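Coordinates as given in entry.txt (compact mmCIF, C-alpha atoms):
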```
# COMPACT_ATOMS: atom_id res chain seq x y z
CA MET W 1 0.00 0.00 0.00
CA LYS W 2 2.87 2.39 0.80
CA ASN W 3 4.42 1.98 -2.66
CA TYR W 4 0.96 2.44 -4.24
CA LYS W 5 0.47 5.74 -2.43
CA HIS W 6 3.93 6.90 -3.50
CA SER W 7 3.12 6.03 -7.12
CA ILE W 8 -0.15 7.99 -6.99
CA LYS W 9 1.68 10.94 -5.43
CA ARG W 10 4.39 10.93 -8.09
CA PHE W 11 1.81 10.58 -10.90
CA SER W 12 -0.22 13.49 -9.50
CA GLY W 13 2.89 15.65 -9.33
CA TRP W 14 3.74 14.75 -12.93
CA LEU W 15 0.21 15.71 -14.08
CA LEU W 16 0.45 19.03 -12.23
CA SER W 17 3.82 19.75 -13.84
CA LEU W 18 2.40 18.87 -17.26
CA PHE W 19 -0.58 21.17 -16.71
CA ILE W 20 1.64 24.06 -15.64
CA PHE W 21 3.98 23.46 -18.56
CA THR W 22 1.04 23.53 -20.99
CA CYS W 23 -0.45 26.72 -19.53
CA ALA W 24 2.76 28.70 -19.11
CA SER W 25 3.42 31.35 -21.74
CA PRO W 26 6.48 30.80 -23.97
CA ASP W 27 7.73 34.30 -23.28
CA SER W 28 7.77 33.92 -19.50
CA THR W 29 9.47 30.55 -19.76
CA ALA W 30 12.16 32.01 -22.01
CA VAL W 31 12.93 34.69 -19.41
CA LEU W 32 12.65 32.60 -16.25
CA ALA W 33 14.35 29.45 -17.57
CA PRO W 34 17.24 30.95 -19.53
CA THR W 35 19.97 28.84 -21.08
CA GLU W 36 22.28 31.65 -22.23
CA PHE W 37 23.76 34.35 -19.99
CA GLU W 38 26.16 37.25 -20.03
CA VAL W 39 28.20 38.36 -17.04
CA VAL W 40 27.59 41.71 -15.33
CA PRO W 41 31.26 42.64 -14.80
CA ASP W 42 30.79 45.52 -12.32
CA TRP W 43 28.51 43.66 -9.90
CA PRO W 44 28.52 43.98 -6.92
CA ARG W 45 29.77 47.46 -6.19
CA PRO W 46 32.90 47.95 -4.06
CA LEU W 47 32.45 47.29 -0.35
CA PRO W 48 32.78 50.09 2.23
CA ASN W 49 35.09 50.25 5.26
CA LYS W 50 38.02 48.70 3.39
CA TRP W 51 36.24 45.33 3.62
CA ILE W 52 37.32 42.38 1.52
CA LEU W 53 35.59 39.06 0.88
CA GLY W 54 37.03 35.69 1.73
CA GLN W 55 35.80 32.47 0.15
CA VAL W 56 32.13 32.93 -0.76
CA ALA W 57 30.47 29.69 0.34
CA GLY W 58 26.76 30.38 -0.14
CA VAL W 59 24.35 32.58 -2.11
CA ASP W 60 20.56 32.89 -2.24
CA VAL W 61 17.81 35.39 -3.07
CA ASP W 62 15.05 36.67 -0.78
CA SER W 63 11.42 37.55 -1.59
CA LYS W 64 12.41 41.11 -2.59
CA ASP W 65 15.09 39.86 -5.01
CA ASN W 66 17.88 40.95 -2.70
CA ILE W 67 20.95 38.74 -2.93
CA TRP W 68 22.46 37.30 0.26
CA ILE W 69 25.87 35.69 0.54
CA VAL W 70 27.84 34.00 3.29
CA GLN W 71 31.60 34.30 3.10
CA ARG W 72 34.53 33.06 5.16
CA PRO W 73 36.57 35.83 6.84
CA ASN W 74 38.89 33.17 8.29
CA SER W 75 39.95 32.12 4.78
CA LEU W 76 41.74 35.41 4.13
CA THR W 77 45.53 35.38 4.20
CA PRO W 78 47.45 37.94 6.29
CA GLN W 79 48.46 39.65 3.06
CA GLU W 80 44.84 39.91 1.88
CA ALA W 81 43.66 41.30 5.22
CA GLY W 82 46.79 43.32 5.88
CA LEU W 83 45.05 46.10 7.80
CA ALA W 84 43.69 43.57 10.31
CA GLN W 85 47.16 42.35 11.35
CA GLU W 86 49.01 43.56 14.43
CA PRO W 87 50.86 45.64 13.46
CA PRO W 88 49.09 46.36 10.13
CA LEU W 89 50.96 45.12 7.09
CA ASP W 90 49.55 47.84 4.82
CA ASP W 91 46.61 50.23 4.55
CA CYS W 92 44.10 47.64 3.26
CA CYS W 93 42.09 45.47 3.91
CA LEU W 94 39.74 44.26 6.67
CA PRO W 95 37.63 41.07 6.64
CA ALA W 96 34.00 41.79 5.79
CA PRO W 97 31.24 40.42 8.05
CA SER W 98 30.25 36.85 7.24
CA VAL W 99 26.75 37.58 5.90
CA LEU W 100 26.06 40.39 3.42
CA ALA W 101 23.00 41.40 1.38
CA PHE W 102 22.98 43.31 -1.92
CA ASP W 103 20.24 44.84 -4.04
CA GLN W 104 19.84 44.21 -7.76
CA GLU W 105 22.34 46.95 -8.60
CA GLY W 106 24.95 45.50 -6.26
CA ASN W 107 24.62 48.04 -3.45
CA LEU W 108 25.33 46.69 0.02
CA LEU W 109 22.15 46.64 2.14
CA ALA W 110 22.86 44.68 5.32
CA TRP W 111 25.55 42.69 7.07
CA PHE W 112 26.18 40.69 10.23
CA GLY W 113 28.05 37.70 11.61
CA GLY W 114 31.64 36.80 12.20
CA GLN W 115 33.75 37.81 15.16
CA ASP W 116 31.31 40.53 16.28
CA PHE W 117 28.33 38.14 16.54
CA PRO W 118 26.98 38.10 20.13
CA SER W 119 27.03 34.29 20.38
CA GLN W 120 29.32 31.60 18.97
CA TRP W 121 29.80 31.81 15.23
CA PRO W 122 31.05 29.01 12.92
CA GLN W 123 34.71 28.87 12.01
CA SER W 124 33.97 27.80 8.42
CA GLU W 125 30.67 28.94 6.93
CA HIS W 126 29.17 26.61 4.34
CA GLY W 127 25.93 27.17 2.44
CA LEU W 128 23.13 29.72 2.82
CA PHE W 129 19.38 29.42 2.23
CA ILE W 130 16.58 32.02 2.45
CA ASP W 131 13.26 30.49 3.50
CA HIS W 132 9.66 31.55 2.71
CA GLU W 133 9.68 33.97 5.65
CA ASP W 134 13.00 35.52 4.54
CA ASN W 135 14.88 33.92 7.42
CA ILE W 136 18.52 33.12 6.71
CA TRP W 137 19.82 29.60 7.27
CA ILE W 138 23.57 28.99 7.42
CA ALA W 139 25.40 25.68 7.55
CA SER W 140 28.91 25.20 8.92
CA ALA W 141 31.53 22.67 7.94
CA GLY W 142 34.47 23.62 10.12
CA GLU W 143 36.28 20.93 12.09
CA ALA W 144 34.30 21.64 15.28
CA ASP W 145 31.25 23.44 13.88
CA ASP W 146 28.54 20.75 13.35
CA VAL W 147 25.68 23.27 13.49
CA VAL W 148 23.04 24.96 11.35
CA LEU W 149 21.92 28.46 12.33
CA LYS W 150 18.56 30.09 11.55
CA LEU W 151 18.59 33.90 11.75
CA ASN W 152 16.17 36.69 10.91
CA PRO W 153 17.13 39.37 8.35
CA GLN W 154 18.46 41.56 11.17
CA GLY W 155 20.92 38.85 12.16
CA GLU W 156 19.20 37.73 15.36
CA LEU W 157 19.62 34.04 16.15
CA LEU W 158 16.29 32.19 16.02
CA LEU W 159 17.41 28.56 16.16
CA GLN W 160 20.57 26.50 16.45
CA VAL W 161 20.47 22.91 15.21
CA GLY W 162 23.20 20.64 16.56
CA GLU W 163 26.04 21.49 18.93
CA TYR W 164 29.49 22.85 18.26
CA GLY W 165 32.01 20.03 18.31
CA VAL W 166 29.45 17.28 19.07
CA TYR W 167 29.14 14.55 16.47
CA GLY W 168 27.38 11.19 16.71
CA GLY W 169 27.50 9.71 13.21
CA SER W 170 25.14 9.42 10.26
CA ASN W 171 22.26 7.92 12.27
CA ASP W 172 22.38 10.30 15.24
CA THR W 173 18.99 12.05 15.44
CA GLN W 174 20.14 14.93 17.69
CA HIS W 175 23.46 16.07 16.25
CA LEU W 176 24.95 17.00 12.88
CA GLY W 177 28.27 16.23 11.25
CA GLN W 178 29.69 19.25 9.42
CA PRO W 179 26.48 20.11 7.52
CA THR W 180 26.73 21.83 4.16
CA ASP W 181 23.36 23.19 3.01
CA ILE W 182 19.67 23.67 3.83
CA ALA W 183 16.34 23.85 2.00
CA VAL W 184 13.04 24.66 3.74
CA ASP W 185 9.66 23.32 2.64
CA ALA W 186 7.16 26.18 3.02
CA GLU W 187 4.16 23.83 3.03
CA SER W 188 5.27 21.64 5.95
CA ASN W 189 7.77 24.08 7.50
CA GLU W 190 10.38 21.35 7.51
CA ALA W 191 14.08 21.99 6.91
CA TYR W 192 16.11 19.54 4.81
CA ILE W 193 19.81 19.54 5.67
CA SER W 194 22.60 17.99 3.60
CA ASP W 195 24.78 16.54 6.34
CA GLY W 196 27.54 16.70 5.18
CA TYR W 197 31.31 16.36 5.44
CA ARG W 198 31.29 13.96 8.40
CA ASN W 199 27.88 12.38 7.83
CA ARG W 200 26.41 10.92 4.64
CA ARG W 201 22.74 11.76 4.73
CA ILE W 202 19.82 14.11 4.28
CA ILE W 203 18.22 14.90 7.64
CA VAL W 204 14.82 16.60 8.01
CA ILE W 205 13.82 18.69 11.04
CA ASP W 206 10.97 20.94 12.10
CA ALA W 207 12.02 24.40 10.90
CA ALA W 208 10.53 26.14 13.94
CA THR W 209 11.71 23.88 16.78
CA GLY W 210 14.57 21.84 15.33
CA GLU W 211 12.79 18.60 16.25
CA TYR W 212 14.08 15.56 14.36
CA LYS W 213 11.72 14.13 11.71
CA ARG W 214 13.59 11.62 9.51
CA HIS W 215 16.79 10.98 7.58
CA TRP W 216 18.14 8.84 4.76
CA GLY W 217 21.23 8.03 2.75
CA ALA W 218 21.87 7.38 -0.94
CA TYR W 219 19.06 5.55 -2.74
CA GLY W 220 16.87 6.16 0.33
CA THR W 221 18.75 3.57 2.40
CA VAL W 222 19.96 3.74 6.00
CA PRO W 223 23.30 5.61 5.85
CA HIS W 224 26.55 4.22 7.23
CA ASP W 225 29.98 5.58 8.13
CA ARG W 226 32.10 2.64 7.01
CA PRO W 227 35.22 3.42 4.95
CA LEU W 228 34.59 3.70 1.22
CA PRO W 229 36.97 2.79 -1.59
CA ASP W 230 38.36 5.65 -3.65
CA PHE W 231 35.98 6.89 -6.31
CA SER W 232 36.50 5.42 -9.76
CA PRO W 233 34.40 6.07 -12.88
CA GLU W 234 35.21 2.52 -14.00
CA VAL W 235 33.15 0.80 -11.27
CA PRO W 236 29.37 0.76 -10.66
CA PRO W 237 27.84 3.70 -8.74
CA ASP W 238 28.42 3.54 -5.01
CA SER W 239 25.46 2.66 -2.80
CA SER W 240 26.43 5.35 -0.29
CA PHE W 241 26.68 9.10 -0.49
CA ARG W 242 30.32 10.06 -0.60
CA SER W 243 31.47 12.89 1.66
CA PRO W 244 30.60 15.59 1.18
CA ILE W 245 26.91 15.38 0.44
CA HIS W 246 27.12 18.99 -0.62
CA ALA W 247 23.71 20.57 -1.30
CA VAL W 248 19.94 20.03 -1.21
CA ARG W 249 17.04 21.72 -3.05
CA LEU W 250 13.28 21.20 -3.20
CA SER W 251 11.10 21.53 -6.30
CA ASP W 252 7.55 22.85 -6.22
CA ASP W 253 6.21 19.45 -7.27
CA GLY W 254 7.57 17.76 -4.17
CA LEU W 255 10.97 16.37 -5.18
CA VAL W 256 14.22 16.59 -3.23
CA TYR W 257 17.41 17.13 -5.26
CA THR W 258 20.76 16.32 -3.65
CA ALA W 259 24.33 17.03 -4.71
CA ASP W 260 26.45 13.91 -4.16
CA ARG W 261 29.57 15.81 -5.06
CA VAL W 262 32.41 13.31 -5.33
CA ASN W 263 30.13 10.63 -6.84
CA ASN W 264 29.44 13.15 -9.66
CA ARG W 265 25.70 12.69 -9.37
CA VAL W 266 22.39 14.31 -8.59
CA GLN W 267 20.06 12.01 -6.69
CA VAL W 268 16.31 12.72 -6.58
CA PHE W 269 13.92 11.65 -3.82
CA GLN W 270 10.38 12.10 -2.65
CA LYS W 271 10.07 14.06 0.58
CA ASP W 272 9.81 10.88 2.64
CA GLY W 273 13.19 9.70 1.33
CA THR W 274 11.89 7.35 -1.36
CA PHE W 275 14.47 7.24 -4.17
CA VAL W 276 13.20 8.43 -7.57
CA THR W 277 16.13 8.69 -9.98
CA GLU W 278 19.70 9.90 -10.43
CA ALA W 279 21.86 11.52 -13.07
CA PHE W 280 25.62 11.71 -13.51
CA ILE W 281 27.34 14.97 -14.44
CA ALA W 282 30.80 14.90 -16.05
CA PRO W 283 31.06 11.34 -14.67
CA LYS W 284 34.80 10.91 -15.20
CA THR W 285 35.63 13.87 -12.94
CA LEU W 286 38.05 12.90 -10.15
CA ASP W 287 39.37 14.60 -7.00
CA MET W 288 36.61 16.93 -5.64
CA GLY W 289 33.83 15.84 -8.00
CA SER W 290 31.46 17.69 -10.31
CA VAL W 291 28.14 18.26 -8.45
CA TRP W 292 28.61 21.07 -5.91
CA ASP W 293 25.28 22.90 -5.85
CA ILE W 294 21.83 22.85 -7.48
CA GLU W 295 19.33 25.55 -8.41
CA LEU W 296 15.97 25.34 -10.17
CA SER W 297 14.79 27.74 -12.85
CA ARG W 298 11.99 30.18 -12.00
CA ASP W 299 9.51 29.31 -14.74
CA PRO W 300 6.27 27.74 -13.38
CA GLN W 301 7.28 24.20 -14.28
CA GLN W 302 10.88 24.65 -13.05
CA SER W 303 12.01 23.06 -16.28
CA LEU W 304 15.77 23.46 -15.76
CA LEU W 305 18.37 22.60 -13.17
CA TYR W 306 21.56 24.64 -12.84
CA VAL W 307 24.37 22.55 -11.37
CA ALA W 308 27.53 24.21 -10.09
CA ASP W 309 30.65 22.17 -10.88
CA GLY W 310 33.64 23.45 -8.92
CA MET W 311 36.11 20.97 -10.36
CA ASN W 312 35.41 21.70 -14.04
CA ASN W 313 34.46 25.29 -13.13
CA ARG W 314 31.22 25.66 -15.01
CA VAL W 315 27.47 25.64 -14.45
CA TRP W 316 25.77 22.72 -16.17
CA ILE W 317 22.24 23.35 -17.48
CA LEU W 318 20.02 20.28 -17.19
CA ASN W 319 16.54 19.51 -18.50
CA ARG W 320 14.70 18.63 -15.28
CA GLN W 321 12.43 16.14 -17.02
CA ASN W 322 15.24 13.81 -18.11
CA LEU W 323 18.24 15.29 -16.21
CA GLN W 324 20.24 15.53 -19.43
CA ALA W 325 22.70 18.40 -19.85
CA SER W 326 21.79 20.78 -22.67
CA GLY W 327 24.59 23.28 -22.19
CA SER W 328 26.86 25.00 -19.70
CA LEU W 329 28.04 28.40 -18.52
CA GLY W 330 31.55 29.61 -17.77
CA GLY W 331 34.87 27.83 -17.57
CA PRO W 332 38.05 27.95 -15.47
CA GLY W 333 39.80 31.29 -15.07
CA ARG W 334 39.95 34.52 -13.10
CA TYR W 335 38.31 36.95 -15.50
CA ALA W 336 34.68 38.07 -15.24
CA GLY W 337 32.44 35.22 -16.35
CA GLN W 338 35.01 32.55 -15.48
CA PHE W 339 35.24 30.58 -12.26
CA GLY W 340 37.77 29.55 -9.61
CA TRP W 341 36.13 26.73 -7.66
CA ILE W 342 32.51 27.70 -8.21
CA HIS W 343 30.75 26.60 -5.04
CA ASN W 344 27.12 27.79 -5.26
CA VAL W 345 24.51 29.05 -7.69
CA ALA W 346 21.18 30.87 -7.18
CA MET W 347 18.54 32.49 -9.40
CA ASP W 348 16.27 35.49 -8.79
CA SER W 349 12.70 36.02 -10.02
CA LYS W 350 13.95 37.73 -13.20
CA GLY W 351 16.14 34.81 -14.26
CA ASN W 352 19.44 36.40 -13.23
CA LEU W 353 21.98 33.86 -12.03
CA TYR W 354 24.39 34.42 -9.13
CA THR W 355 27.50 32.34 -8.51
CA ALA W 356 29.76 32.04 -5.48
CA GLU W 357 33.42 31.02 -5.58
CA VAL W 358 35.87 29.69 -3.02
CA GLU W 359 39.66 29.35 -3.03
CA THR W 360 41.16 31.45 -5.83
CA GLY W 361 37.81 33.04 -6.70
CA LYS W 362 36.65 34.56 -3.40
CA ARG W 363 33.86 36.44 -5.12
CA VAL W 364 30.21 36.50 -6.15
CA GLN W 365 29.21 37.14 -9.78
CA LYS W 366 25.95 38.07 -11.50
CA PHE W 367 24.88 36.77 -14.92
CA ARG W 368 21.83 38.15 -16.72
CA PRO W 369 19.85 36.24 -19.35
CA ARG W 370 21.04 36.93 -22.86
CA ARG W 371 18.21 38.44 -24.88
```
Here is a file; write its structure as structure tokens.
Amino acid sequence: MKNYKHSIKRFSGWLLSLFIFTCASPDSTAVLAPTEFEVVPDWPRPLPNKWILGQVAGVDVDSKDNIWIVQRPNSLTPQEAGLAQEPPLDDCCLPAPSVLAFDQEGNLLAWFGGQDFPSQWPQSEHGLFIDHEDNIWIASAGEADDVVLKLNPQGELLLQVGEYGVYGGSNDTQHLGQPTDIAVDAESNEAYISDGYRNRRIIVIDAATGEYKRHWGAYGTVPHDRPLPDFSPEVPPDSSFRSPIHAVRLSDDGLVYTADRVNNRVQVFQKDGTFVTEAFIAPKTLDMGSVWDIELSRDPQQSLLYVADGMNNRVWILNRQNLQASGSLGGPGRYAGQFGWIHNVAMDSKGNLYTAEVETGKRVQKFRPRR
């Protein structure tokens, strides 16, 4: 009976998607599900106060189309943050606060976090999500972080999930293991956490209280923490997520998309953890893998997936119906429109794409749809 209900649910979602696809206007789809982009080279505008960004490890867009990022002040070298050294090495620069918000033109609107935060702040920020109430969720993947923070737009702490430095493994229902990303379901007010660098699972909690709901591993199975052989494209797909399970996103028709980074795959589930399908992106990629982050297009049927690939340094554009790549954006390099370890991708309501980079990049870029 359980499988029958799941089948009915999936079929109903497919019918709804088909109906929306049929009714949507071609013009709106072209704008909100773009496949070609051009970089906006002067975005964002220079920061005040001699601030400089470290590795940008998360980006998302709120209900007003403001763009929020989380960056890592601790990733800056002494030479990059010379003014912060004692004594100062030069007359610039200072680490910017961890969380910053920009408007569409790239003007800085708000900031908080980092060393001036009134309570403990993660050592290595990792992933940012804006929920349906414009609350900001931040994951943390530092060696002793193991927490997810929920904050309001003013930077006030609303909820902490997990404990700093407390880790109980992939089947612990009360603690996290270097989590990487969050997605919140507005309908159920549940938060889905990709957990993470230590653990190998998706864990679901109540977004208001942090109460544990459920969790699962690759293919919807019970996760484990046993050693895994090195990844090889010459052997069958592994039955376990491979650390890190790097990102999670929810579609409007009730599917959960996960970034199994080093296994070079997107795995798709129902919200109860039932496995639906998977797709492999640049499957021969070694080292850090090809699937770092996932975003859905903003057309009504969410017809495209944008997959950030930090190893090949491009954004893959996938047809959501069959998960086949139809094109890509960018390439390795340090010029505008190129990437140095692209880590995250997000889209606003106008179809503009925003990318975050770590390591050599240490920046956020904006790409507008090419008309």
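Shortest separation to Asn152 (chain W) among W:His132, W:Arg320, W:Arg363, W:Arg226 occurs at residue W:His132, atoms counted being only C-alpha atoms.
Distances to Val358 (chain W) were evaluated for W:Val61, W:Val70, W:Leu47, W:Ala84 using all atoms listed in the file, and the minimum falls at W:Val70.
The coordinates place CA of Tyr197 (chain W) at 21.2 Å from CA of Pro233 (chain W).
In this comparison, which uses only C-alpha atoms, the residue of W:Pro283, W:Pro41, W:Pro237, W:Pro244 approaching Gly337 (chain W) most closely is W:Pro41.
The space between CA of Ser140 (chain W) and CA of Thr180 (chain W) spans 6.2 Å.
Distances here use only C-alpha atoms; by that measure, the residue among W:Ser297, W:Ser290, W:Tyr335, W:Lys271 closest to Val315 (chain W) is W:Ser290.
In this structure, CA of Pro236 (chain W) sits 21.3 Å away from CA of Met311 (chain W).
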What's around Glu187 (chain W) at 12 Å? Count only C-alpha atoms, leave out sequence neighbours fewer than 5 positions away in its own chain, and write the answer as a PyMOL selection string. chain W and resi 131-133+206-207+250-254+271
Print the selection's residues with C-alpha atoms to a file, as a PDB file, in the frame of the given file.
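The result, stored in result17.pdb:
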```
ATOM      1  CA  ASP W 131      13.260  30.490   3.500  1.00  0.00           C
ATOM      2  CA  HIS W 132       9.660  31.550   2.710  1.00  0.00           C
ATOM      3  CA  GLU W 133       9.680  33.970   5.650  1.00  0.00           C
ATOM      4  CA  ASP W 206      10.970  20.940  12.100  1.00  0.00           C
ATOM      5  CA  ALA W 207      12.020  24.400  10.900  1.00  0.00           C
ATOM      6  CA  LEU W 250      13.280  21.200  -3.200  1.00  0.00           C
ATOM      7  CA  SER W 251      11.100  21.530  -6.300  1.00  0.00           C
ATOM      8  CA  ASP W 252       7.550  22.850  -6.220  1.00  0.00           C
ATOM      9  CA  ASP W 253       6.210  19.450  -7.270  1.00  0.00           C
ATOM     10  CA  GLY W 254       7.570  17.760  -4.170  1.00  0.00           C
ATOM     11  CA  LYS W 271      10.070  14.060   0.580  1.00  0.00           C
TER      12      LYS W 271
END
```
For the point (28.4, 36.5, 7.3) in file coordinates, what residues are within 12 Å, counting all atoms listed in the file? Give the answer as a PyMOL selection string? chain W and resi 53-59+68-74+95-101+110-117+121-128+136-140+149+151+153-155
Emit the selected residues as a short mmCIF file (atom, residue, chain, number, x, y, z; two decimals), keeping the file's coordinate frame, including C-alpha atoms.
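The result, stored in selection_19.cif:
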```cif
data_model
loop_
_atom_site.label_atom_id
_atom_site.label_comp_id
_atom_site.auth_asym_id
_atom_site.auth_seq_id
_atom_site.Cartn_x
_atom_site.Cartn_y
_atom_site.Cartn_z
CA LEU W 53 35.59 39.06 0.88
CA GLY W 54 37.03 35.69 1.73
CA GLN W 55 35.80 32.47 0.15
CA VAL W 56 32.13 32.93 -0.76
CA ALA W 57 30.47 29.69 0.34
CA GLY W 58 26.76 30.38 -0.14
CA VAL W 59 24.35 32.58 -2.11
CA TRP W 68 22.46 37.30 0.26
CA ILE W 69 25.87 35.69 0.54
CA VAL W 70 27.84 34.00 3.29
CA GLN W 71 31.60 34.30 3.10
CA ARG W 72 34.53 33.06 5.16
CA PRO W 73 36.57 35.83 6.84
CA ASN W 74 38.89 33.17 8.29
CA PRO W 95 37.63 41.07 6.64
CA ALA W 96 34.00 41.79 5.79
CA PRO W 97 31.24 40.42 8.05
CA SER W 98 30.25 36.85 7.24
CA VAL W 99 26.75 37.58 5.90
CA LEU W 100 26.06 40.39 3.42
CA ALA W 101 23.00 41.40 1.38
CA ALA W 110 22.86 44.68 5.32
CA TRP W 111 25.55 42.69 7.07
CA PHE W 112 26.18 40.69 10.23
CA GLY W 113 28.05 37.70 11.61
CA GLY W 114 31.64 36.80 12.20
CA GLN W 115 33.75 37.81 15.16
CA ASP W 116 31.31 40.53 16.28
CA PHE W 117 28.33 38.14 16.54
CA TRP W 121 29.80 31.81 15.23
CA PRO W 122 31.05 29.01 12.92
CA GLN W 123 34.71 28.87 12.01
CA SER W 124 33.97 27.80 8.42
CA GLU W 125 30.67 28.94 6.93
CA HIS W 126 29.17 26.61 4.34
CA GLY W 127 25.93 27.17 2.44
CA LEU W 128 23.13 29.72 2.82
CA ILE W 136 18.52 33.12 6.71
CA TRP W 137 19.82 29.60 7.27
CA ILE W 138 23.57 28.99 7.42
CA ALA W 139 25.40 25.68 7.55
CA SER W 140 28.91 25.20 8.92
CA LEU W 149 21.92 28.46 12.33
CA LEU W 151 18.59 33.90 11.75
CA PRO W 153 17.13 39.37 8.35
CA GLN W 154 18.46 41.56 11.17
CA GLY W 155 20.92 38.85 12.16
#
```
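Take the candidates W:Val166, W:Ile130, W:Ile294, W:Ile182 and check each one against Val148 (chain W) using only C-alpha atoms; the shortest distance goes to W:Ile182.
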Which residues are near Leu83 (chain W)? Cut-off 10 Å, only C-alpha atoms, ignore same chain within fewer than 2 positions. Put them as number ranges by chain. W: 50-51, 78-81, 85-95
Have a look at W:Asn313, W:Ser63, W:Thr173, W:Asn322 and name the one nearest to Ala356 (chain W); count all atoms listed in the file. W:Asn313
